[in-house]
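*Asks:* Take a look at upload_11.tsv, TSV, N, CA and C atoms and all ligand atoms:
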```
chain	number	residue	atom	x	y	z
S	1	MET	N	101.40	172.23	124.80
S	1	MET	CA	100.02	172.74	124.88
S	1	MET	C	99.32	172.17	126.11
S	2	ALA	N	98.55	173.00	126.76
S	2	ALA	CA	97.81	172.54	127.95
S	2	ALA	C	96.71	171.56	127.52
S	3	THR	N	96.65	170.44	128.20
S	3	THR	CA	95.71	169.40	127.78
S	3	THR	C	94.25	169.84	127.94
S	4	GLU	N	93.99	170.82	128.82
S	4	GLU	CA	92.60	171.24	128.98
S	4	GLU	C	92.06	171.97	127.75
S	5	GLU	N	92.98	172.33	126.81
S	5	GLU	CA	92.51	172.94	125.57
S	5	GLU	C	91.97	171.91	124.58
S	6	LEU	N	92.22	170.65	124.86
S	6	LEU	CA	91.80	169.61	123.93
S	6	LEU	C	90.32	169.28	124.13
S	7	SER	N	89.68	168.87	123.04
S	7	SER	CA	88.26	168.54	123.12
S	7	SER	C	88.06	167.32	124.01
S	8	PRO	N	86.91	167.23	124.67
S	8	PRO	CA	86.68	166.16	125.64
S	8	PRO	C	86.76	164.75	125.05
S	9	GLN	N	86.26	164.58	123.84
S	9	GLN	CA	86.12	163.23	123.27
S	9	GLN	C	87.30	162.86	122.38
S	10	ASN	N	87.50	163.61	121.32
S	10	ASN	CA	88.59	163.31	120.38
S	10	ASN	C	89.96	163.69	120.94
S	11	ARG	N	89.96	164.52	121.97
S	11	ARG	CA	91.21	165.00	122.56
S	11	ARG	C	92.09	165.69	121.52
S	12	ILE	N	91.45	166.60	120.77
S	12	ILE	CA	92.17	167.35	119.75
S	12	ILE	C	91.82	168.83	119.87
S	13	LYS	N	92.64	169.64	119.23
S	13	LYS	CA	92.34	171.05	119.08
S	13	LYS	C	92.44	171.36	117.59
S	14	ILE	N	91.44	172.02	117.07
S	14	ILE	CA	91.40	172.35	115.65
S	14	ILE	C	91.42	173.87	115.50
S	15	VAL	N	92.30	174.35	114.65
S	15	VAL	CA	92.35	175.78	114.36
S	15	VAL	C	92.23	175.97	112.85
S	16	VAL	N	91.33	176.85	112.44
S	16	VAL	CA	91.23	177.24	111.04
S	16	VAL	C	91.84	178.63	110.89
S	17	ASP	N	92.80	178.74	109.98
S	17	ASP	CA	93.40	180.04	109.67
S	17	ASP	C	92.48	180.74	108.67
S	18	ARG	N	91.70	181.66	109.19
S	18	ARG	CA	90.70	182.32	108.34
S	18	ARG	C	91.35	183.17	107.25
S	19	GLY	N	92.56	183.60	107.49
S	19	GLY	CA	93.26	184.38	106.48
S	19	GLY	C	93.64	183.55	105.27
S	20	LEU	N	93.87	182.25	105.51
S	20	LEU	CA	94.23	181.33	104.43
S	20	LEU	C	93.01	180.74	103.74
S	21	CYS	N	91.95	180.53	104.51
S	21	CYS	CA	90.76	179.83	103.99
S	21	CYS	C	90.20	180.55	102.77
S	22	ILE	N	89.93	179.76	101.71
S	22	ILE	CA	89.33	180.33	100.49
S	22	ILE	C	87.89	179.87	100.32
S	23	GLY	N	87.35	179.23	101.34
S	23	GLY	CA	85.93	178.86	101.31
S	23	GLY	C	85.57	177.75	100.35
S	24	SER	N	86.52	176.88	100.07
S	24	SER	CA	86.26	175.80	99.10
S	24	SER	C	85.23	174.80	99.62
S	25	GLY	N	85.11	174.69	100.92
S	25	GLY	CA	84.13	173.78	101.50
S	25	GLY	C	84.57	172.34	101.64
S	26	ASP	N	85.79	172.02	101.25
S	26	ASP	CA	86.25	170.62	101.34
S	26	ASP	C	86.20	170.08	102.76
S	27	CYS	N	86.58	170.91	103.72
S	27	CYS	CA	86.56	170.44	105.10
S	27	CYS	C	85.14	170.16	105.56
S	28	VAL	N	84.21	171.01	105.14
S	28	VAL	CA	82.80	170.82	105.50
S	28	VAL	C	82.26	169.53	104.87
S	29	ASP	N	82.63	169.29	103.61
S	29	ASP	CA	82.18	168.07	102.93
S	29	ASP	C	82.73	166.83	103.62
S	30	THR	N	83.95	166.91	104.13
S	30	THR	CA	84.61	165.75	104.71
S	30	THR	C	84.13	165.48	106.14
S	31	ALA	N	84.00	166.52	106.92
S	31	ALA	CA	83.59	166.37	108.33
S	31	ALA	C	82.50	167.40	108.63
S	32	PRO	N	81.29	167.14	108.13
S	32	PRO	CA	80.22	168.14	108.21
S	32	PRO	C	79.72	168.42	109.62
S	33	ASN	N	80.04	167.56	110.56
S	33	ASN	CA	79.60	167.80	111.93
S	33	ASN	C	80.66	168.54	112.75
S	34	VAL	N	81.79	168.82	112.10
S	34	VAL	CA	82.88	169.54	112.78
S	34	VAL	C	83.02	170.97	112.23
S	35	PHE	N	82.90	171.08	110.90
S	35	PHE	CA	83.12	172.38	110.25
S	35	PHE	C	81.85	172.90	109.60
S	36	GLU	N	81.79	174.24	109.50
S	36	GLU	CA	80.76	174.85	108.67
S	36	GLU	C	81.35	176.11	108.06
S	37	LEU	N	80.72	176.56	106.97
S	37	LEU	CA	81.10	177.85	106.39
S	37	LEU	C	80.23	178.92	107.01
S	38	ASP	N	80.88	180.02	107.43
S	38	ASP	CA	80.11	181.10	108.05
S	38	ASP	C	79.63	182.07	106.98
S	39	ALA	N	79.06	183.18	107.42
S	39	ALA	CA	78.46	184.15	106.50
S	39	ALA	C	79.50	184.75	105.55
S	40	GLU	N	80.78	184.71	105.95
S	40	GLU	CA	81.85	185.24	105.10
S	40	GLU	C	82.48	184.16	104.23
S	41	ASP	N	81.85	182.96	104.20
S	41	ASP	CA	82.38	181.83	103.43
S	41	ASP	C	83.77	181.41	103.92
S	42	LYS	N	83.98	181.52	105.21
S	42	LYS	CA	85.19	181.01	105.83
S	42	LYS	C	84.79	179.86	106.74
S	43	ALA	N	85.65	178.84	106.78
S	43	ALA	CA	85.33	177.69	107.63
S	43	ALA	C	85.51	178.03	109.10
S	44	ARG	N	84.64	177.48	109.92
S	44	ARG	CA	84.84	177.58	111.36
S	44	ARG	C	84.46	176.25	111.99
S	45	VAL	N	84.99	176.03	113.17
S	45	VAL	CA	84.74	174.78	113.89
S	45	VAL	C	83.47	174.93	114.70
S	46	ILE	N	82.53	174.03	114.48
S	46	ILE	CA	81.30	174.05	115.28
S	46	ILE	C	81.37	173.04	116.43
S	47	ASP	N	82.11	171.94	116.21
S	47	ASP	CA	82.24	170.94	117.28
S	47	ASP	C	83.43	170.03	116.97
S	48	PRO	N	84.53	170.16	117.72
S	48	PRO	CA	85.73	169.36	117.44
S	48	PRO	C	85.50	167.86	117.64
S	49	ASP	N	84.41	167.52	118.33
S	49	ASP	CA	84.09	166.10	118.55
S	49	ASP	C	82.93	165.62	117.69
S	50	GLY	N	82.53	166.44	116.72
S	50	GLY	CA	81.35	166.10	115.91
S	50	GLY	C	81.54	164.89	115.03
S	51	ASP	N	82.76	164.66	114.56
S	51	ASP	CA	83.10	163.49	113.75
S	51	ASP	C	84.38	162.88	114.33
S	52	PRO	N	84.67	161.60	113.98
S	52	PRO	CA	85.89	160.95	114.49
S	52	PRO	C	87.16	161.70	114.07
S	53	THR	N	88.20	161.57	114.87
S	53	THR	CA	89.47	162.26	114.60
S	53	THR	C	89.98	161.96	113.20
S	54	ASP	N	89.83	160.71	112.74
S	54	ASP	CA	90.30	160.34	111.39
S	54	ASP	C	89.68	161.25	110.33
S	55	LEU	N	88.39	161.52	110.49
S	55	LEU	CA	87.70	162.37	109.52
S	55	LEU	C	88.18	163.81	109.62
S	56	VAL	N	88.44	164.25	110.84
S	56	VAL	CA	88.95	165.62	111.03
S	56	VAL	C	90.30	165.77	110.33
S	57	VAL	N	91.15	164.75	110.48
S	57	VAL	CA	92.48	164.80	109.85
S	57	VAL	C	92.33	164.73	108.34
S	58	ASP	N	91.41	163.88	107.85
S	58	ASP	CA	91.14	163.84	106.40
S	58	ASP	C	90.71	165.21	105.90
S	59	ALA	N	89.85	165.86	106.68
S	59	ALA	CA	89.37	167.18	106.30
S	59	ALA	C	90.52	168.17	106.20
S	60	ALA	N	91.42	168.10	107.17
S	60	ALA	CA	92.58	169.00	107.15
S	60	ALA	C	93.46	168.70	105.92
S	61	MET	N	93.62	167.40	105.62
S	61	MET	CA	94.45	167.02	104.47
S	61	MET	C	93.78	167.42	103.15
S	62	ASN	N	92.46	167.48	103.14
S	62	ASN	CA	91.73	167.84	101.92
S	62	ASN	C	91.70	169.34	101.67
S	63	CYS	N	92.10	170.13	102.65
S	63	CYS	CA	92.07	171.58	102.46
S	63	CYS	C	93.12	171.98	101.42
S	64	PRO	N	92.71	172.64	100.36
S	64	PRO	CA	93.65	172.97	99.27
S	64	PRO	C	94.71	173.98	99.66
S	65	VAL	N	94.49	174.71	100.75
S	65	VAL	CA	95.45	175.75	101.14
S	65	VAL	C	96.05	175.49	102.53
S	66	THR	N	95.84	174.27	103.03
S	66	THR	CA	96.37	173.88	104.34
S	66	THR	C	96.06	174.93	105.42
S	67	ALA	N	94.78	175.22	105.53
S	67	ALA	CA	94.33	176.22	106.51
S	67	ALA	C	93.82	175.58	107.80
S	68	VAL	N	93.76	174.23	107.83
S	68	VAL	CA	93.22	173.55	109.00
S	68	VAL	C	94.37	172.88	109.76
S	69	PHE	N	94.51	173.24	111.02
S	69	PHE	CA	95.58	172.73	111.88
S	69	PHE	C	94.97	171.88	112.98
S	70	VAL	N	95.47	170.65	113.11
S	70	VAL	CA	94.95	169.73	114.11
S	70	VAL	C	96.07	169.33	115.06
S	71	GLU	N	95.80	169.49	116.35
S	71	GLU	CA	96.76	169.09	117.38
S	71	GLU	C	96.13	168.05	118.29
S	72	GLY	N	96.97	167.16	118.79
S	72	GLY	CA	96.51	166.17	119.76
S	72	GLY	C	97.38	166.19	121.00
S	73	GLU	N	97.24	165.16	121.80
S	73	GLU	CA	97.98	165.13	123.06
S	73	GLU	C	99.48	165.08	122.86
S	74	GLU	N	99.91	164.52	121.73
S	74	GLU	CA	101.34	164.40	121.45
S	74	GLU	C	101.87	165.58	120.64
S	75	GLY	N	101.01	166.58	120.39
S	75	GLY	CA	101.44	167.71	119.58
S	75	GLY	C	100.74	167.71	118.24
S	76	PRO	N	101.33	168.36	117.24
S	76	PRO	CA	100.68	168.50	115.94
S	76	PRO	C	100.39	167.14	115.29
S	77	ILE	N	99.17	166.97	114.77
S	77	ILE	CA	98.79	165.78	114.02
S	77	ILE	C	98.86	166.08	112.52
S	78	TYR	N	98.33	167.25	112.15
S	78	TYR	CA	98.43	167.71	110.76
S	78	TYR	C	98.29	169.21	110.74
S	79	PRO	N	99.06	169.93	109.95
S	79	PRO	CA	100.15	169.43	109.12
S	79	PRO	C	101.40	169.13	109.95
S	101	LIG	S1	88.93	173.13	103.08
S	101	LIG	FE1	90.30	174.81	103.70
S	101	LIG	S2	89.88	176.46	102.23
S	101	LIG	FE2	88.20	175.00	102.09
S	101	LIG	S3	86.64	175.81	103.48
S	101	LIG	FE3	87.88	174.34	104.64
S	101	LIG	S4	89.49	175.58	105.63
S	101	LIG	FE4	88.59	176.80	104.00
```
Let me see the file written as structure tokens.
*Replies:*
Amino acid sequence: MATEELSPQNRIKIVVDRGLCIGSGDCVDTAPNVFELDAEDKARVIDPDGDPTDLVVDAAMNCPVTAVFVEGEEGPIYP
């Protein structure tokens, strides 16, 4: 992956698979400055640097349907 795709601070890229997302809100509860639920009750990323990387990874791990994908400079972080 090209490093310029990574966020300036956390140096990560976050992708939410909207087809998988069931709108449970766990990611928003875990990292509220990174994720929000949109009008369709699907999670979207508002700021990949809004919370520390640890919290972003926790949020991805808390997703019941594994719809949150986190990549870093070394490749996939989770899942
Ligand atoms: S935790 Fe997963 S299913 Fe729940 S809102 Fe976030 S991305 Fe969607």
*Asks:* Asp47 in chain S: which residues within 6.5 Å, counting all atoms listed in the file, same-chain residues fewer than 4 positions away excluded, as a list in words?
*Replies:*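 Skipping anything fewer than 4 positions along the chain leaves Asn33, Val34, Phe35 and Asp51 of chain S.
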*Asks:* Name each residue within 6 Å of ligand LIG 101 (chain S), counting only N, CA and C atoms and all ligand atoms, as a ChimeraX atom specification.
*Replies:* /S:16,20-28,42-43,62-68
*Asks:* Just list as number ranges by chain whatever in chain S DSSP marks as strand (DSSP E or B).
*Replies:* S: 13-16, 35-37, 43-45, 68-72, 75-78
*Asks:* Write the residues of the selection above to a file with N, CA and C atoms, as a PDB file, keeping the file's coordinate frame.
*Replies:*
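Contents of again.pdb, as written:
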```pdb
ATOM      1  N   LYS S  13      92.640 169.640 119.230  1.00  0.00           N
ATOM      2  CA  LYS S  13      92.340 171.050 119.080  1.00  0.00           C
ATOM      3  C   LYS S  13      92.440 171.360 117.590  1.00  0.00           C
ATOM      4  N   ILE S  14      91.440 172.020 117.070  1.00  0.00           N
ATOM      5  CA  ILE S  14      91.400 172.350 115.650  1.00  0.00           C
ATOM      6  C   ILE S  14      91.420 173.870 115.500  1.00  0.00           C
ATOM      7  N   VAL S  15      92.300 174.350 114.650  1.00  0.00           N
ATOM      8  CA  VAL S  15      92.350 175.780 114.360  1.00  0.00           C
ATOM      9  C   VAL S  15      92.230 175.970 112.850  1.00  0.00           C
ATOM     10  N   VAL S  16      91.330 176.850 112.440  1.00  0.00           N
ATOM     11  CA  VAL S  16      91.230 177.240 111.040  1.00  0.00           C
ATOM     12  C   VAL S  16      91.840 178.630 110.890  1.00  0.00           C
ATOM     13  N   PHE S  35      82.900 171.080 110.900  1.00  0.00           N
ATOM     14  CA  PHE S  35      83.120 172.380 110.250  1.00  0.00           C
ATOM     15  C   PHE S  35      81.850 172.900 109.600  1.00  0.00           C
ATOM     16  N   GLU S  36      81.790 174.240 109.500  1.00  0.00           N
ATOM     17  CA  GLU S  36      80.760 174.850 108.670  1.00  0.00           C
ATOM     18  C   GLU S  36      81.350 176.110 108.060  1.00  0.00           C
ATOM     19  N   LEU S  37      80.720 176.560 106.970  1.00  0.00           N
ATOM     20  CA  LEU S  37      81.100 177.850 106.390  1.00  0.00           C
ATOM     21  C   LEU S  37      80.230 178.920 107.010  1.00  0.00           C
ATOM     22  N   ALA S  43      85.650 178.840 106.780  1.00  0.00           N
ATOM     23  CA  ALA S  43      85.330 177.690 107.630  1.00  0.00           C
ATOM     24  C   ALA S  43      85.510 178.030 109.100  1.00  0.00           C
ATOM     25  N   ARG S  44      84.640 177.480 109.920  1.00  0.00           N
ATOM     26  CA  ARG S  44      84.840 177.580 111.360  1.00  0.00           C
ATOM     27  C   ARG S  44      84.460 176.250 111.990  1.00  0.00           C
ATOM     28  N   VAL S  45      84.990 176.030 113.170  1.00  0.00           N
ATOM     29  CA  VAL S  45      84.740 174.780 113.890  1.00  0.00           C
ATOM     30  C   VAL S  45      83.470 174.930 114.700  1.00  0.00           C
ATOM     31  N   VAL S  68      93.760 174.230 107.830  1.00  0.00           N
ATOM     32  CA  VAL S  68      93.220 173.550 109.000  1.00  0.00           C
ATOM     33  C   VAL S  68      94.370 172.880 109.760  1.00  0.00           C
ATOM     34  N   PHE S  69      94.510 173.240 111.020  1.00  0.00           N
ATOM     35  CA  PHE S  69      95.580 172.730 111.880  1.00  0.00           C
ATOM     36  C   PHE S  69      94.970 171.880 112.980  1.00  0.00           C
ATOM     37  N   VAL S  70      95.470 170.650 113.110  1.00  0.00           N
ATOM     38  CA  VAL S  70      94.950 169.730 114.110  1.00  0.00           C
ATOM     39  C   VAL S  70      96.070 169.330 115.060  1.00  0.00           C
ATOM     40  N   GLU S  71      95.800 169.490 116.350  1.00  0.00           N
ATOM     41  CA  GLU S  71      96.760 169.090 117.380  1.00  0.00           C
ATOM     42  C   GLU S  71      96.130 168.050 118.290  1.00  0.00           C
ATOM     43  N   GLY S  72      96.970 167.160 118.790  1.00  0.00           N
ATOM     44  CA  GLY S  72      96.510 166.170 119.760  1.00  0.00           C
ATOM     45  C   GLY S  72      97.380 166.190 121.000  1.00  0.00           C
ATOM     46  N   GLY S  75     101.010 166.580 120.390  1.00  0.00           N
ATOM     47  CA  GLY S  75     101.440 167.710 119.580  1.00  0.00           C
ATOM     48  C   GLY S  75     100.740 167.710 118.240  1.00  0.00           C
ATOM     49  N   PRO S  76     101.330 168.360 117.240  1.00  0.00           N
ATOM     50  CA  PRO S  76     100.680 168.500 115.940  1.00  0.00           C
ATOM     51  C   PRO S  76     100.390 167.140 115.290  1.00  0.00           C
ATOM     52  N   ILE S  77      99.170 166.970 114.770  1.00  0.00           N
ATOM     53  CA  ILE S  77      98.790 165.780 114.020  1.00  0.00           C
ATOM     54  C   ILE S  77      98.860 166.080 112.520  1.00  0.00           C
ATOM     55  N   TYR S  78      98.330 167.250 112.150  1.00  0.00           N
ATOM     56  CA  TYR S  78      98.430 167.710 110.760  1.00  0.00           C
ATOM     57  C   TYR S  78      98.290 169.210 110.740  1.00  0.00           C
TER      58      TYR S  78
END
```
*Asks:* Between CA of Leu37 in chain S and CA of Asn10 in chain S, what is the distance in Å, rounded to a tenth?
*Replies:*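 That distance, rounded to one decimal, is 21.5 Å.
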*Asks:* Could you name the residues that touch Val15 in chain S at 9 Å or less, counting only C-alpha atoms, but leaving out those on the same chain fewer than 6 positions away, as a ChimeraX atom specification?
*Replies:* /S:44-45,67-71
*Asks:* Please dump the current selection as a short mmCIF file (atom, residue, chain, number, x, y, z; two decimals), keeping the file's coordinate frame; keep N, CA and C atoms.
*Replies:*
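Saved result, again_34.cif, follows:
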```
data_model
loop_
_atom_site.label_atom_id
_atom_site.label_comp_id
_atom_site.auth_asym_id
_atom_site.auth_seq_id
_atom_site.Cartn_x
_atom_site.Cartn_y
_atom_site.Cartn_z
N ARG S 44 84.64 177.48 109.92
CA ARG S 44 84.84 177.58 111.36
C ARG S 44 84.46 176.25 111.99
N VAL S 45 84.99 176.03 113.17
CA VAL S 45 84.74 174.78 113.89
C VAL S 45 83.47 174.93 114.70
N ALA S 67 94.78 175.22 105.53
CA ALA S 67 94.33 176.22 106.51
C ALA S 67 93.82 175.58 107.80
N VAL S 68 93.76 174.23 107.83
CA VAL S 68 93.22 173.55 109.00
C VAL S 68 94.37 172.88 109.76
N PHE S 69 94.51 173.24 111.02
CA PHE S 69 95.58 172.73 111.88
C PHE S 69 94.97 171.88 112.98
N VAL S 70 95.47 170.65 113.11
CA VAL S 70 94.95 169.73 114.11
C VAL S 70 96.07 169.33 115.06
N GLU S 71 95.80 169.49 116.35
CA GLU S 71 96.76 169.09 117.38
C GLU S 71 96.13 168.05 118.29
#
```
